[in-house]
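Have a look at work-v1.csv below; it lists CSV, C-alpha atoms and all ligand atoms.
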```
chain,number,residue,atom,x,y,z
A,662,MET,CA,-5.3,-16.4,23.8
A,663,LYS,CA,-3.2,-15.0,20.9
A,664,SER,CA,-0.7,-13.7,23.4
A,665,THR,CA,-0.4,-17.1,25.0
A,666,ILE,CA,0.1,-18.7,21.6
A,667,LEU,CA,2.7,-16.1,20.7
A,668,HIS,CA,4.7,-16.7,23.9
A,669,THR,CA,4.4,-20.5,23.5
A,670,MET,CA,6.0,-20.2,20.0
A,671,TYR,CA,8.7,-17.8,21.4
A,672,ASP,CA,9.5,-20.3,24.2
A,673,ILE,CA,9.6,-23.4,22.0
A,674,PHE,CA,11.9,-21.6,19.5
A,675,SER,CA,14.2,-20.4,22.2
A,676,ASP,CA,14.4,-24.0,23.7
A,677,TRP,CA,15.0,-25.5,20.3
A,678,SER,CA,17.9,-23.1,19.5
A,679,HIS,CA,19.5,-22.9,22.9
A,680,HIS,CA,22.3,-25.3,21.9
A,681,LEU,CA,23.8,-22.8,19.4
A,682,PRO,CA,27.0,-21.1,20.6
A,683,VAL,CA,25.6,-17.6,20.5
A,684,VAL,CA,28.2,-14.8,21.2
A,685,CYS,CA,25.6,-12.0,21.6
A,686,ASN,CA,25.4,-10.4,25.1
A,687,ARG,CA,24.0,-7.3,26.8
A,688,GLY,CA,25.2,-4.2,25.0
A,689,CYS,CA,25.4,-6.0,21.6
A,690,SER,CA,23.1,-3.9,19.4
A,691,ALA,CA,24.5,-3.9,15.9
A,692,CYS,CA,21.4,-5.8,14.7
A,693,CYS,CA,19.0,-3.3,16.3
A,694,THR,CA,17.9,-1.3,13.3
A,695,GLU,CA,14.7,0.2,12.1
A,696,ASN,CA,14.0,-2.9,9.9
A,697,VAL,CA,11.9,-4.8,12.4
A,698,THR,CA,8.6,-6.1,11.1
A,699,ILE,CA,5.8,-7.2,13.4
A,700,THR,CA,2.1,-8.3,13.5
A,701,ALA,CA,-0.6,-6.6,15.4
A,702,THR,CA,-0.5,-9.2,18.2
A,703,GLU,CA,3.2,-8.4,18.7
A,704,GLY,CA,2.4,-4.7,18.6
A,705,GLU,CA,-0.2,-5.1,21.3
A,706,GLU,CA,2.4,-6.9,23.5
A,707,ILE,CA,4.7,-3.9,23.2
A,708,LEU,CA,2.0,-1.3,23.8
A,709,ARG,CA,0.7,-3.3,26.8
A,710,PHE,CA,4.3,-3.5,28.2
A,711,ALA,CA,4.7,0.3,27.7
A,712,ALA,CA,1.4,1.0,29.5
A,713,VAL,CA,2.3,-1.3,32.5
A,714,GLU,CA,5.8,0.2,32.7
A,715,SER,CA,4.5,3.8,32.5
A,716,LEU,CA,6.4,4.2,29.3
A,717,ALA,CA,3.5,5.9,27.4
A,718,PRO,CA,5.2,9.4,27.1
A,719,TRP,CA,8.5,7.8,26.2
A,720,LEU,CA,6.9,5.6,23.5
A,721,ALA,CA,4.8,8.5,22.1
A,722,GLU,CA,7.9,10.6,21.8
A,723,LYS,CA,9.7,7.8,19.9
A,724,LEU,CA,6.8,7.3,17.6
A,725,ALA,CA,6.4,11.1,16.9
A,726,ARG,CA,10.0,11.4,15.6
A,727,PRO,CA,10.4,12.4,12.0
A,728,ARG,CA,10.0,9.3,9.9
A,729,THR,CA,13.2,7.7,8.7
A,730,HIS,CA,12.2,4.0,8.4
A,731,GLN,CA,11.2,2.3,5.2
A,732,SER,CA,7.8,0.6,4.9
A,733,VAL,CA,7.6,-3.0,3.7
A,734,GLU,CA,6.1,-4.0,0.4
A,735,MET,CA,5.3,-7.7,1.0
A,736,THR,CA,4.6,-9.7,4.1
A,737,THR,CA,6.7,-12.8,4.9
A,738,ASN,CA,3.7,-15.1,3.8
A,739,ASP,CA,3.2,-13.0,0.7
A,740,PHE,CA,6.8,-13.5,-0.1
A,741,ALA,CA,6.7,-17.3,0.7
A,742,GLY,CA,3.5,-17.7,-1.4
A,743,ALA,CA,5.2,-16.0,-4.4
A,744,CYS,CA,8.3,-18.1,-4.1
A,745,LEU,CA,6.2,-21.3,-3.8
A,746,GLU,CA,4.3,-20.4,-6.9
A,747,GLY,CA,7.5,-19.6,-8.8
A,748,ARG,CA,6.6,-16.0,-9.3
A,749,GLU,CA,9.3,-13.5,-9.8
A,750,ILE,CA,9.7,-11.0,-7.0
A,751,ASP,CA,10.8,-7.5,-7.7
A,752,GLN,CA,11.4,-6.0,-4.2
A,753,ASP,CA,13.5,-2.9,-3.5
A,754,ASP,CA,16.3,-3.4,-1.0
A,755,ILE,CA,14.8,-1.5,1.9
A,756,HIS,CA,17.3,-2.4,4.6
A,757,THR,CA,18.7,0.5,6.6
A,758,THR,CA,21.3,0.6,9.3
A,759,LEU,CA,19.7,3.4,11.3
A,760,PRO,CA,19.3,2.3,14.9
A,761,CYS,CA,16.0,1.2,16.3
A,762,PRO,CA,14.5,4.1,18.4
A,763,PHE,CA,13.9,1.7,21.3
A,764,LEU,CA,17.6,1.2,21.7
A,765,GLU,CA,18.9,3.2,24.6
A,766,GLU,CA,22.5,3.0,25.8
A,767,ASN,CA,22.9,-0.1,23.7
A,768,SER,CA,20.0,-1.8,25.5
A,769,CYS,CA,16.4,-2.5,24.4
A,770,ARG,CA,14.0,-0.5,26.4
A,771,ILE,CA,11.1,-2.9,25.6
A,772,TYR,CA,13.2,-6.1,25.8
A,773,PRO,CA,10.6,-8.4,27.6
A,774,ALA,CA,8.1,-7.5,24.9
A,775,ARG,CA,10.4,-7.5,21.9
A,776,PRO,CA,8.9,-9.2,18.9
A,777,PHE,CA,9.9,-12.5,17.3
A,778,GLY,CA,12.0,-10.7,14.6
A,779,CYS,CA,14.2,-9.3,17.4
A,780,ARG,CA,14.4,-12.6,19.3
A,781,VAL,CA,15.9,-14.4,16.4
A,782,PHE,CA,18.7,-11.8,15.8
A,783,ILE,CA,21.7,-13.8,17.0
A,784,SER,CA,25.2,-14.6,15.8
A,785,THR,CA,27.6,-17.4,16.4
A,786,LYS,CA,30.5,-15.0,15.6
A,787,ARG,CA,31.2,-11.6,16.9
A,788,CYS,CA,29.7,-9.0,14.4
A,789,SER,CA,31.8,-6.1,13.1
A,790,SER,CA,31.7,-3.8,10.1
A,791,ILE,CA,33.3,-6.6,8.1
A,792,GLN,CA,31.7,-9.6,9.9
A,793,PRO,CA,27.9,-9.8,9.5
A,794,ALA,CA,25.9,-11.9,11.9
A,795,LEU,CA,26.5,-15.6,11.3
A,796,VAL,CA,23.9,-18.4,11.9
A,797,PRO,CA,23.5,-21.8,10.4
A,798,ASP,CA,21.2,-21.9,7.4
A,799,TYR,CA,18.9,-24.4,9.2
A,800,TYR,CA,18.4,-21.8,11.9
A,801,PHE,CA,17.6,-19.1,9.4
A,802,GLU,CA,15.0,-21.4,7.7
A,803,ALA,CA,13.5,-22.4,11.1
A,804,ALA,CA,13.2,-18.7,12.2
A,805,THR,CA,11.5,-17.9,8.9
A,806,ALA,CA,9.1,-20.7,9.3
A,807,VAL,CA,8.1,-19.6,12.8
A,808,ASN,CA,7.9,-16.0,11.6
A,809,GLN,CA,5.4,-17.3,9.0
A,810,LEU,CA,3.4,-18.9,11.8
A,811,VAL,CA,3.4,-15.7,13.8
A,812,GLU,CA,2.0,-13.9,10.8
A,813,HIS,CA,-0.6,-16.7,10.3
A,814,LEU,CA,-1.7,-16.2,13.9
A,815,GLY,CA,-2.2,-12.5,13.2
A,816,GLN,CA,-3.9,-12.9,9.8
A,817,ARG,CA,-6.2,-10.2,8.6
A,818,GLU,CA,-4.7,-7.8,11.1
A,819,TYR,CA,-1.9,-5.1,10.6
A,820,TRP,CA,1.5,-6.3,9.5
A,821,GLY,CA,4.5,-4.1,8.7
A,822,ASN,CA,7.4,-2.1,10.0
A,823,MET,CA,7.2,-1.9,13.8
A,824,LEU,CA,7.2,1.9,13.6
A,825,ASP,CA,4.0,1.8,11.5
A,826,VAL,CA,2.1,-1.0,13.2
A,827,LEU,CA,2.5,0.5,16.7
A,828,PRO,CA,0.8,3.9,15.8
A,829,ALA,CA,-1.8,2.0,13.8
A,830,LEU,CA,-3.0,0.2,16.9
A,831,LEU,CA,-3.6,3.3,19.0
A,832,ASP,CA,-7.3,3.4,18.4
A,833,ILE,CA,-7.7,0.3,20.6
A,834,ASN,CA,-9.3,1.5,23.8
A,835,GLU,CA,-6.6,-0.1,26.0
A,836,PHE,CA,-3.9,2.1,24.3
A,837,ARG,CA,-5.8,5.3,23.8
A,838,GLU,CA,-3.6,7.1,26.4
A,839,ILE,CA,-0.6,6.8,24.1
A,840,GLY,CA,-2.7,7.7,21.1
A,841,THR,CA,-3.8,11.0,22.7
A,842,LEU,CA,-0.1,12.0,22.9
A,843,LEU,CA,0.4,11.7,19.1
A,844,ASP,CA,-0.8,13.7,16.2
A,845,GLN,CA,-3.8,12.0,14.6
A,846,THR,CA,-2.4,12.6,11.1
A,847,LEU,CA,0.7,10.6,12.0
A,848,ILE,CA,-1.5,7.7,13.2
A,849,ILE,CA,-3.5,7.7,10.0
A,850,GLU,CA,-0.5,7.9,7.8
A,851,ALA,CA,1.2,5.0,9.7
A,852,ARG,CA,-1.9,2.9,9.3
A,853,LEU,CA,-1.9,3.5,5.5
A,854,ARG,CA,1.6,2.2,5.3
A,855,THR,CA,0.8,-1.1,7.0
A,856,LEU,CA,0.0,-4.3,5.1
A,857,THR,CA,-2.4,-7.1,6.1
A,858,ALA,CA,-1.0,-10.3,7.6
A,859,LYS,CA,-1.7,-13.4,5.5
A,860,PRO,CA,-2.4,-17.0,6.2
A,861,LEU,CA,0.4,-19.5,5.8
A,862,PRO,CA,0.8,-20.5,2.1
A,863,GLY,CA,3.4,-23.2,2.9
A,864,PHE,CA,6.9,-23.2,4.3
A,865,LEU,CA,10.2,-22.2,2.6
A,866,VAL,CA,12.3,-25.1,3.9
A,867,SER,CA,15.1,-26.7,1.9
A,868,GLU,CA,15.3,-30.5,1.6
A,869,LYS,CA,18.6,-30.4,3.4
A,870,ASN,CA,17.1,-28.7,6.5
A,871,ASN,CA,13.7,-30.3,6.4
A,872,GLY,CA,14.4,-32.7,9.3
A,873,GLN,CA,15.5,-30.1,11.8
A,874,VAL,CA,12.8,-27.5,10.9
A,875,THR,CA,10.1,-30.2,10.9
A,876,GLN,CA,11.1,-31.3,14.3
A,877,LEU,CA,10.7,-27.7,15.6
A,878,LEU,CA,7.3,-27.3,13.8
A,879,GLU,CA,6.0,-30.5,15.2
A,880,THR,CA,6.9,-29.4,18.7
A,881,ILE,CA,5.0,-26.2,18.1
A,882,PHE,CA,2.0,-27.9,16.6
A,883,SER,CA,1.7,-30.4,19.4
A,884,ALA,CA,2.0,-27.8,22.2
A,885,ASP,CA,-1.0,-27.5,24.5
A,886,VAL,CA,-2.5,-24.0,24.8
A,887,GLU,CA,-5.4,-23.7,27.2
A,888,GLY,CA,-6.4,-27.4,26.7
A,889,LYS,CA,-6.1,-27.3,22.9
A,890,ARG,CA,-3.5,-28.5,20.5
A,891,LEU,CA,-1.7,-25.4,19.1
A,892,GLY,CA,-1.7,-26.9,15.5
A,893,ASP,CA,-5.5,-27.2,15.7
A,894,ILE,CA,-5.9,-23.6,16.9
A,895,LEU,CA,-3.8,-22.4,14.0
A,896,ASN,CA,-5.9,-24.5,11.6
A,897,GLY,CA,-9.0,-22.7,12.9
A,898,HIS,CA,-10.4,-25.7,14.9
B,1,LIG,S1,12.9,-3.6,19.6
B,1,LIG,FE1,14.6,-3.8,21.0
B,1,LIG,S2,15.6,-5.8,20.3
B,1,LIG,FE2,14.2,-5.1,18.7
B,1,LIG,S3,15.5,-3.9,17.3
B,1,LIG,FE3,14.6,-2.4,18.7
B,1,LIG,S4,16.1,-2.2,20.4
B,1,LIG,FE4,16.6,-4.1,19.3
```
I'd like the structure from this file rewritten - as structure tokens, please.
Ligand code: SF4
Amino acid sequence: MKSTILHTMYDIFSDWSHHLPVVCNRGCSACCTENVTITATEGEEILRFAAVESLAPWLAEKLARPRTHQSVEMTTNDFAGACLEGREIDQDDIHTTLPCPFLEENSCRIYPARPFGCRVFISTKRCSSIQPALVPDYYFEAATAVNQLVEHLGQREYWGNMLDVLPALLDINEFREIGTLLDQTLIIEARLRTLTAKPLPGFLVSEKNNGQVTQLLETIFSADVEGKRLGDILNGH
């Protein structure tokens, strides 16, 4: 059911934002770096896709590369909780511009299974070395809110850099074939670098953008998933 909920959220967000004049197209890959964070549910989507597409050796080779990515110190919901409580946050800037290892010839090899963090990388202006991606701030706040829901859905499971969460999941029977292709020490070390996904502490939405973001969240909460209201499922009912 988690996979269905995840895709329902992806689809609603995509419909909600389709009016934006996005300039990205196939071959645009400036935003495809090693900074992507995911939940275990999203990781399982990628591993399942790799298995179905016979990409196990390819994926194992990518995950076995010497580590260059940075691990994350706080989940999105940890960060939101700290902000809502007015706590000071002392986070190192961990952003890197190293390309994502799943990028091949400027295309994403796992595109149909890409996580939410990748789906929201868009720009309304062509990016360049002097022009970073540009999105309206209400879009950024809405994407963060849905990202928080994705984490809430995966609460108590792994959360972290995609290149840590994927190896961490390789003890699940369904994915053992990929796990056997990797050094077990690498898997254990990756697992130690992951964090735990947290429940939603509240949203980080400004008063100015509250209307647009609330409209999106209400659409998500009222969606039907296998005969249940998605908001009720997320609330544990
Ligand atoms: S997973 Fe795909 S879409 Fe996401 S950063 Fe990597 S190459 Fe880009």
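Distance check against ligand LIG 1 (chain B) using only C-alpha atoms and all ligand atoms: of A:Glu812, A:Glu695, A:Asp676, A:Glu868, the minimum falls on A:Glu695.
Considering all atoms listed in the file, the residue among A:Thr665, A:Ser732, A:Asn767, A:Thr702 positioned nearest to ligand LIG 1 (chain B) is A:Asn767.
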>> I want to know what sits within 9 Å of A:Phe763, based on only C-alpha atoms, with residues of the same chain fewer than 5 positions away left out; could you give that as a PyMOL selection string?
In response: chain A and resi 693+720+723+768-771
> What residues have any atom no more than 10 Å from ligand LIG 1 (chain B) when counting all atoms listed in the file, and can you list them as a count of residues only?
Replying inline: 36
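Note that atom CA of A:Lys786 and atom CA of A:Phe801 are 14.9 Å apart.
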>> Under the rule that all atoms listed in the file are counted, which of A:Val683, A:Leu724, A:Cys788, A:Leu667 is the nearest residue to A:Thr700?
In response: A:Leu667
> Looking at all atoms listed in the file, which of A:Leu814, A:Leu681, A:Met670, A:Ala851 is the one that sits closest to A:His730?
Replying inline: A:Ala851
